[in-house]
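S.K.: First, the structure itself, so that you have it in front of you.
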Amino acid sequence: MNRNTIKPPRIAARILEYIIQKDIRYGAMGDLEEQFFLMEQENGLLRARLLYWKQILGALPYFIKNAILWSFVMFKNYFKTTFRNTTRHKGYSFINLAGLAIGLACTLLILLWVKDELSYDRFHENGKNIYRIMSYGTRYMIEGFDGTPAPLAPAIKAEAPGIVNYARFSDVPKLVVRYGDKVFYENRGLIADPSIFEIFTFPFVQGDPQTAFTQPLDVVITETMAAKYFGEENPVGKTLEVEGRPAAVNGVIKDIPHNSHIQFDFLTSYEFIQKVSGYGTSWGAFNFVTYLQLEENRDIQEIAKNITAVADKNNCPQVKDGVEFRLQPLSEIYLDSRAAHRNYIKVGDRKYVYVFSIIAFFVLFIACVNFMNLSTARSATRAKEVGMRKTVGASRRQLIMQFFGESLFLTSMASVFALILVSILLPAFNQLTGKSLKLDLIDIQMVLGLVVIVFLTALTAGSYPALYLSAFKPVKVLKGVFKSEGKGQTFRRILVVTQFSLSIALLIGTSVAYNQLRFLRNAKLGFNKENIVYVPIKENIGKRYDAFKAELLNDSNIHSVAAQYYLFAEDGPFRSTDYDWEGREEGQEQDIILNLVDYDFIPMLDLELVAGRNFSSEYATDATEAYILNEEAIKEMGLEDPIGKYFSYGKRKGTIIGVLKDAHFRSLHVEIEPHVFFYLRNASSATQYGVVMIKINGQKTEEAFATIQGTWEKINPISPFEFHFLDQMYDNLYRKEKKIGTILNAFTLFAIVISCLGLFGLASFLTEQRTNEIGIRKVLGASETGIAFLLSKQFTKWVIIANLFAWPAAYIVMNQWLRSFAYRINMGIWLFVFSGLLAVGIALATVSFQAFKTARANPIDSLRYE
Amino acid sequence: MKLLSRIEEIILLSIWRLGDRAYGMAIREEVIRVTGKKWLLGAIYGPLGRLHKNGYVLTSRGEPTSERGGRSKVFYRLSQEGIKALREIQQVNSIIWNDIEELEFKEE
């Protein structure tokens with residue numbers, strides 16, 4: 001038999017090779033193999049193999065015991081060293097621990113937030129086959145608009161392949177809902193095809209989705225809403241009164257999970273549209289959001305093309321003009337910030353998910369830098385230990401493992417503090433972000449994430465010290481010629497510069513955001529929104545509007561009262577292109593936002609007329625024929641000398657009687673658009689979205705409120721009374737930005753605190769090293785301030801250099817952010833200078849504290865130091 | 001100095017007795033012979049490794065052979081330390097066995 005082909009079992013050999021002590025491995029492997037061949041010749045291959053395995057498995061317990069014993073002995077030693085080092089240098093350990101703990105806490109908070117943002121809409125069973133139709137078309141300036149015409153969905157289901165089901169959604173205005181003596185406004189309503197329950201997973205608690213909608217007014221409500229109206233009673237079969245009409249409750253569903261982009265408390269079927277709501281259902285009215293459930297593994301592009309083709313075949317005017325449809329997967333809807341204008345849709349913003357993740361990473365990195373800096377700066381104190389260990393036989397690998405172990409130990413400790421910190425900060429953070437995040441340590445994902453973060457942090461923080469310290473030459477360090485100069489110092493400088501670049505960039509970001517938000521709050525909108533409250537036009541307020549107005553004006557604290565068809569500032573304004581005017585070119589169309597207002601609207605808001613006059617009761621034709629447009633509309637239409645010219649909206653023919661100076665009616669995210677106003681003849685036609693604005697005496701608000709409430713209860717005792725402030729509503733337009741700004745503030749603060757902690761540690765250590773030098777300088781006559789200046793100089797220099805990197809980076813990022821506003825501040829150089837100076841100032845204060853302490857020390861003590 | 005354990009003592013004595021033929025396989029056979037029990041190679045190598053680490057045995061390599069997958073035999077011999085340790089254990093042995101004349105199992 002050929003000797004070369006017969007080998008002992010390879011796996012067994014490998015095991016042995018791995019576990020056996022190095023110094024006897026060679027001989028032992030040889031002996032075993034010799035025995036293997038002897039056995040093979042005497043008893044055959046099988047017996048030989050079995051024996052070989054037996055030899056090795058039999059040896060295992062001994063070797064394992066041995067290995068554990070030794071690694072435990074070393075572990076105990078490492079642990080002891082770590083512990084001693086930590087307790088001996090309490091200051092540095094505190095800085096390391098505090099930095100890492102704060103860094104980890106920030107990261108955890110942000111990751112909780114990010115995790116929640118990414119968790120939306122994952123609970124639907126058909127989730128991966130659900131898509132939303134989006135409209136695109138440059139001509140109408142709609143880039144990713146979620147509106148689609150009502151007949152589209154049934155047509156494509158009939159004509160295009162691959163579509164399993166569809167559901168059309170539309171929002172419901174604020175409604176008065178009544179049951180017995182319980183009356184509330186409900187603004188979390190939704191109109192949808194009953195198929196919503198087949199496509200989406202919104203489980204029924206009571207009732208049956210199949211039979212939930214037999215009448216147009218039937219409703220399905222959530223458990224919360226059921227409890228609000230019916231308490232302990234069984235809601236199914238009861239009848240609610242919605243805006244005076246009976247609506248049967250046919251089903252109760254579980255509350256909508258918070259991480260659903262579709263939010264509602266009650267649902268009426270699509271039939272509701274025809275009977276009650278005024279929404280257009282033609283091919284030209286993009287009033288509905290359409291969700292589709294597709295067959296598995298369909299080509300999405302293909303289906304989208306078919307949808308556009310079907311709309312084209314049905315002569316949808318917008319599609320004829322170039323609008324096309326695309327499909328958006330359910331998983332992307334929540335983070336798409338474009339469609340924020342519907343009251344049942346909750347949107348987040350992908351941009352902020354990225355920004356916050358990056359900030360979390362920065363803050364943690366800054367904390368890691370502290371660790372690296374302090375460990376390498378203090379390497380002199382550890383150098384002897386490294387030298388000793390190497391002399392008695394530690395390999396470089398062992399030393400690297402030891403230092404990694406040390407950083408892992410400290411990071412783990414820090415993570416415990418971080419968890420405590422997070423649980424303390426979480427309520428405040430929730431309030432800031434408007435979420436209800438929980439620190440759930442039973443959640444496997446969460447725990448795994450934490451472990452990974454801790455490991456990565458330990459690896460980052462420990463990598464440089466481990467490699468740096470373990471490379472020391474024992475001869476050198478034990479001789480005492482070791483100095484912490486050279487390579488380590490350059491590296492530390494780079495780290496400090498990086499650290500402060502990040503901090504300064506965050507600081508600039510924060511101040512730009514702060515200034516932009518202040519600009520938005522204080523911007524001149526072109527009208528006066530102070531001291532104006534508004535109440536909804538509901539039920540009798542609409543019917544008896546004149547009486548309500550007259551009654552209110554009896555109180556001298558109420559200056560004026562004006563109704564309008566909908567609140568002009570709110571997102572989702574009424575648009576139309578159905579206009580004609582004198583001199584309109586053939587085919588010229590103009591998208592103009594329209595609103596219906598009464599006589600007092602313009603004077604109440606101090607709106608300025610650049611030409612013509614306000615609506616007036618003195619002109620009988622004003623109520624039926626007059627139009628007032630804003631400058632932007634006149635400009636877009638291309639009208640010269642517009643007063644008295646012909647203008648019409650649909651069948652309402654009339655003339656332009658006035659031109660308004662442009663004003664920012666809507667959020668400053670968007671530019672001023674064309675507006676047209678005409679007279680609201682009948683307030684009761686405005687019960688869906690209409691409001692009555694009331695201007696009150698700012699000095700006597702209490703009295704004014706009392707009058708408003710009293711009058712409301714007299715005229716309209718059936719609806720609940722509620723009112724809002726106009727200026728607060730304007731503030732709310734920037735709620736998201738305000739929230740983001742506050743969060744940014746908090747994390748910037750953390751980043752700076754951690755950076756300064758590190759700088760403080762580094763400064764005090766390096767200053768301590770120069771104690772001798774300072775003593776000599778003092779003896780030779782250096783002044784205290786001179787020395788303090790000398791010591792502070794080097795650190796300040798690095799921070800100033802950090803500015804060079806931070807400024808361009810911050811400029812690029814913040815410029816991008818500012819672009820989301822149509823009206824924005826200029827990022828003046830002073831903003832950067834200010835942030836830079838602030839950072840330098842903070843750093844200087846940190847360092848000079850230590851510098852002065854050292855400079856003031858008695859030279860005798862400092863010279864005795866070594 | 002620590003006293004040798006029994007197996008260490010037996011292994012050292014086997015190496016002594018085997019002289020220049022003392023490599024792993026031979027040592028194992030010798031141990032099996034004097035103790036009359038089966039010993040796995042691994043069980044020999046544990047203590048042998050320890051003895052080597054403590055400097056009681058020295059090693060040298062022979063010619064590579066094909067039976068050993070091209071590896072050389074590793075021969076063991078006693079170092080001065082090893083001989084000293086053996087002497088010491090011999091002394092201890094003789095002292096503790098000294099006044100025991102007859103070891104009998106008496107039934108009471």
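Chains: A, B, ... in order of the structure tokens. Residues: from 1 per chain. Ligands: from 1, in order shown.
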Hey, list the chain A side of the contact with chain B: 7 Å cut-off, only C-alpha atoms, answer as a ChimeraX atom specification.
M.R.: /A:24,27-28,30-31,33-34,37,55-56,58-59
S.K.: Could the residues in this selection be written to a file with N, CA and C atoms, as a JSON list (two decimals), in the first residue's frame?
M.R.:
```json
[["chain", "number", "residue", "atom", "x", "y", "z"],
["A", 24, "ILE", "N", 5.21, 20.89, 22.33],
["A", 24, "ILE", "CA", 5.25, 19.43, 22.15],
["A", 24, "ILE", "C", 4.46, 19.00, 20.93],
["A", 27, "GLY", "N", 6.41, 16.77, 18.06],
["A", 27, "GLY", "CA", 6.69, 15.38, 18.41],
["A", 27, "GLY", "C", 5.42, 14.56, 18.53],
["A", 28, "ALA", "N", 4.43, 15.15, 19.14],
["A", 28, "ALA", "CA", 3.20, 14.42, 19.40],
["A", 28, "ALA", "C", 2.51, 14.06, 18.11],
["A", 30, "GLY", "N", 3.85, 13.62, 15.25],
["A", 30, "GLY", "CA", 4.63, 12.57, 14.60],
["A", 30, "GLY", "C", 4.37, 11.22, 15.22],
["A", 31, "ASP", "N", 4.39, 11.17, 16.55],
["A", 31, "ASP", "CA", 4.17, 9.89, 17.25],
["A", 31, "ASP", "C", 2.82, 9.33, 16.90],
["A", 33, "GLU", "N", 1.05, 9.82, 14.29],
["A", 33, "GLU", "CA", 0.96, 9.35, 12.93],
["A", 33, "GLU", "C", 1.69, 8.01, 12.77],
["A", 34, "GLU", "N", 2.81, 7.88, 13.50],
["A", 34, "GLU", "CA", 3.55, 6.61, 13.46],
["A", 34, "GLU", "C", 2.67, 5.48, 13.98],
["A", 37, "PHE", "N", 0.12, 4.37, 11.50],
["A", 37, "PHE", "CA", 0.55, 3.46, 10.45],
["A", 37, "PHE", "C", 0.82, 2.07, 10.96],
["A", 55, "GLN", "N", -7.51, 8.44, 20.46],
["A", 55, "GLN", "CA", -6.36, 9.09, 21.10],
["A", 55, "GLN", "C", -6.64, 10.57, 21.31],
["A", 56, "ILE", "N", -7.16, 11.16, 20.23],
["A", 56, "ILE", "CA", -7.32, 12.61, 20.29],
["A", 56, "ILE", "C", -8.48, 13.04, 21.16],
["A", 58, "GLY", "N", -9.72, 11.39, 23.52],
["A", 58, "GLY", "CA", -9.36, 11.09, 24.91],
["A", 58, "GLY", "C", -8.48, 12.17, 25.50],
["A", 59, "ALA", "N", -7.69, 12.80, 24.62],
["A", 59, "ALA", "CA", -6.78, 13.81, 25.13],
["A", 59, "ALA", "C", -7.46, 15.16, 25.33]]
```
S.K.: List as a PyMOL selection string the protein and nucleic acid residues near Leu78 (chain B), meaning an atom at most 12 Å away when only C-alpha atoms are counted, but skip any in the same chain fewer than 3 places from it.
M.R.: chain B and resi 9+11-20+22+48+51-52+54-60+75+81-86
S.K.: Taking N, CA and C atoms for each residue, export the selection above as a PDB file, in the first residue's frame.
M.R.:
```pdb
ATOM      1  N   GLU B   9       6.702  11.234  37.393  1.00  0.00           N
ATOM      2  CA  GLU B   9       7.797  10.381  37.875  1.00  0.00           C
ATOM      3  C   GLU B   9       7.974   9.161  36.977  1.00  0.00           C
ATOM      4  N   ILE B  11       7.002   8.823  33.889  1.00  0.00           N
ATOM      5  CA  ILE B  11       7.472   9.210  32.565  1.00  0.00           C
ATOM      6  C   ILE B  11       8.974   9.502  32.584  1.00  0.00           C
ATOM      7  N   LEU B  12       9.407  10.249  33.596  1.00  0.00           N
ATOM      8  CA  LEU B  12      10.831  10.573  33.676  1.00  0.00           C
ATOM      9  C   LEU B  12      11.668   9.300  33.783  1.00  0.00           C
ATOM     10  N   LEU B  13      11.203   8.384  34.610  1.00  0.00           N
ATOM     11  CA  LEU B  13      11.945   7.131  34.777  1.00  0.00           C
ATOM     12  C   LEU B  13      11.966   6.332  33.486  1.00  0.00           C
ATOM     13  N   SER B  14      10.853   6.361  32.758  1.00  0.00           N
ATOM     14  CA  SER B  14      10.809   5.645  31.480  1.00  0.00           C
ATOM     15  C   SER B  14      11.818   6.225  30.512  1.00  0.00           C
ATOM     16  N   ILE B  15      11.850   7.559  30.484  1.00  0.00           N
ATOM     17  CA  ILE B  15      12.816   8.209  29.588  1.00  0.00           C
ATOM     18  C   ILE B  15      14.240   7.786  29.966  1.00  0.00           C
ATOM     19  N   TRP B  16      14.495   7.773  31.243  1.00  0.00           N
ATOM     20  CA  TRP B  16      15.816   7.372  31.750  1.00  0.00           C
ATOM     21  C   TRP B  16      16.154   5.972  31.306  1.00  0.00           C
ATOM     22  N   ARG B  17      15.155   5.111  31.496  1.00  0.00           N
ATOM     23  CA  ARG B  17      15.394   3.709  31.191  1.00  0.00           C
ATOM     24  C   ARG B  17      15.580   3.498  29.688  1.00  0.00           C
ATOM     25  N   LEU B  18      14.808   4.230  28.872  1.00  0.00           N
ATOM     26  CA  LEU B  18      14.871   4.045  27.416  1.00  0.00           C
ATOM     27  C   LEU B  18      16.144   4.616  26.816  1.00  0.00           C
ATOM     28  N   GLY B  19      16.776   5.533  27.552  1.00  0.00           N
ATOM     29  CA  GLY B  19      18.028   6.098  27.067  1.00  0.00           C
ATOM     30  C   GLY B  19      17.825   6.854  25.762  1.00  0.00           C
ATOM     31  N   ASP B  20      18.602   6.510  24.728  1.00  0.00           N
ATOM     32  CA  ASP B  20      18.512   7.290  23.487  1.00  0.00           C
ATOM     33  C   ASP B  20      17.373   6.816  22.589  1.00  0.00           C
ATOM     34  N   ALA B  22      14.210   7.128  23.649  1.00  0.00           N
ATOM     35  CA  ALA B  22      13.013   7.668  24.300  1.00  0.00           C
ATOM     36  C   ALA B  22      12.285   8.685  23.428  1.00  0.00           C
ATOM     37  N   LEU B  48       4.053  15.263  29.765  1.00  0.00           N
ATOM     38  CA  LEU B  48       5.325  15.413  29.078  1.00  0.00           C
ATOM     39  C   LEU B  48       5.549  16.867  28.696  1.00  0.00           C
ATOM     40  N   LEU B  51       6.492  18.736  31.765  1.00  0.00           N
ATOM     41  CA  LEU B  51       7.879  18.463  32.136  1.00  0.00           C
ATOM     42  C   LEU B  51       8.825  19.252  31.257  1.00  0.00           C
ATOM     43  N   HIS B  52       8.457  19.326  29.975  1.00  0.00           N
ATOM     44  CA  HIS B  52       9.294  20.050  29.035  1.00  0.00           C
ATOM     45  C   HIS B  52       9.319  21.531  29.392  1.00  0.00           C
ATOM     46  N   ASN B  54       8.784  22.867  32.245  1.00  0.00           N
ATOM     47  CA  ASN B  54       9.529  23.131  33.478  1.00  0.00           C
ATOM     48  C   ASN B  54      11.023  22.827  33.342  1.00  0.00           C
ATOM     49  N   GLY B  55      11.428  22.358  32.173  1.00  0.00           N
ATOM     50  CA  GLY B  55      12.859  22.142  31.935  1.00  0.00           C
ATOM     51  C   GLY B  55      13.398  20.848  32.504  1.00  0.00           C
ATOM     52  N   TYR B  56      12.533  19.858  32.771  1.00  0.00           N
ATOM     53  CA  TYR B  56      13.039  18.582  33.287  1.00  0.00           C
ATOM     54  C   TYR B  56      13.517  17.688  32.162  1.00  0.00           C
ATOM     55  N   VAL B  57      12.947  17.909  30.977  1.00  0.00           N
ATOM     56  CA  VAL B  57      13.402  17.094  29.852  1.00  0.00           C
ATOM     57  C   VAL B  57      13.894  17.996  28.728  1.00  0.00           C
ATOM     58  N   LEU B  58      14.828  17.473  27.967  1.00  0.00           N
ATOM     59  CA  LEU B  58      15.332  18.184  26.799  1.00  0.00           C
ATOM     60  C   LEU B  58      14.932  17.377  25.576  1.00  0.00           C
ATOM     61  N   THR B  59      14.869  18.019  24.427  1.00  0.00           N
ATOM     62  CA  THR B  59      14.473  17.281  23.233  1.00  0.00           C
ATOM     63  C   THR B  59      15.540  17.377  22.174  1.00  0.00           C
ATOM     64  N   SER B  60      15.534  16.375  21.302  1.00  0.00           N
ATOM     65  CA  SER B  60      16.364  16.450  20.107  1.00  0.00           C
ATOM     66  C   SER B  60      15.638  15.696  19.015  1.00  0.00           C
ATOM     67  N   PHE B  75      13.123  12.976  20.263  1.00  0.00           N
ATOM     68  CA  PHE B  75      13.633  12.180  21.383  1.00  0.00           C
ATOM     69  C   PHE B  75      13.739  13.029  22.632  1.00  0.00           C
ATOM     70  N   GLU B  81      18.074  19.247  35.784  1.00  0.00           N
ATOM     71  CA  GLU B  81      16.914  19.541  36.629  1.00  0.00           C
ATOM     72  C   GLU B  81      16.063  18.291  36.832  1.00  0.00           C
ATOM     73  N   GLY B  82      15.873  17.584  35.704  1.00  0.00           N
ATOM     74  CA  GLY B  82      15.045  16.383  35.741  1.00  0.00           C
ATOM     75  C   GLY B  82      15.650  15.335  36.640  1.00  0.00           C
ATOM     76  N   ILE B  83      16.956  15.167  36.527  1.00  0.00           N
ATOM     77  CA  ILE B  83      17.621  14.174  37.373  1.00  0.00           C
ATOM     78  C   ILE B  83      17.497  14.579  38.839  1.00  0.00           C
ATOM     79  N   LYS B  84      17.668  15.867  39.085  1.00  0.00           N
ATOM     80  CA  LYS B  84      17.541  16.353  40.459  1.00  0.00           C
ATOM     81  C   LYS B  84      16.147  16.071  41.014  1.00  0.00           C
ATOM     82  N   ALA B  85      15.171  16.324  40.162  1.00  0.00           N
ATOM     83  CA  ALA B  85      13.795  16.130  40.597  1.00  0.00           C
ATOM     84  C   ALA B  85      13.517  14.664  40.885  1.00  0.00           C
ATOM     85  N   LEU B  86      14.100  13.798  40.054  1.00  0.00           N
ATOM     86  CA  LEU B  86      13.906  12.366  40.281  1.00  0.00           C
ATOM     87  C   LEU B  86      14.538  11.929  41.591  1.00  0.00           C
TER      88      LEU B  86
END
```
S.K.: Expressed in Å to a single decimal, how great is the separation between CA of Tyr730 (chain A) and CA of Val670 (chain A)?
M.R.: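 Going from CA of Tyr730 (chain A) over to CA of Val670 (chain A) covers 13.7 Å.
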S.K.: State, in Å with one decimal place, the distance from CA of Ile593 (chain A) to CA of Pro674 (chain A).
M.R.: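 CA of Pro674 (chain A) lies at a distance of 6.2 Å from CA of Ile593 (chain A).
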S.K.: In Å, how far is it from CA of Val172 (chain A) to CA of Gly189 (chain A)?
M.R.: 5.3 Å
S.K.: From a DSSP calculation on the backbone, collect every residue of chain B in strand (DSSP E) and output the set as a list in words.
M.R.: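 Put together, the selection reads Val57, Leu58, Thr59, Ser60, Arg61, Gly62, Glu63, Pro64, Ser72, Lys73, Val74, Phe75, Tyr76, Arg77 and Leu78 of chain B.
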S.K.: Pick out the closest residue to Ala857 (chain A) from this set: A:Glu625, A:Asp443, A:Glu232, A:Glu768. Count only C-alpha atoms.
M.R.: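 Of the candidates, the smallest distance to Ala857 (chain A) is held by A:Glu768.
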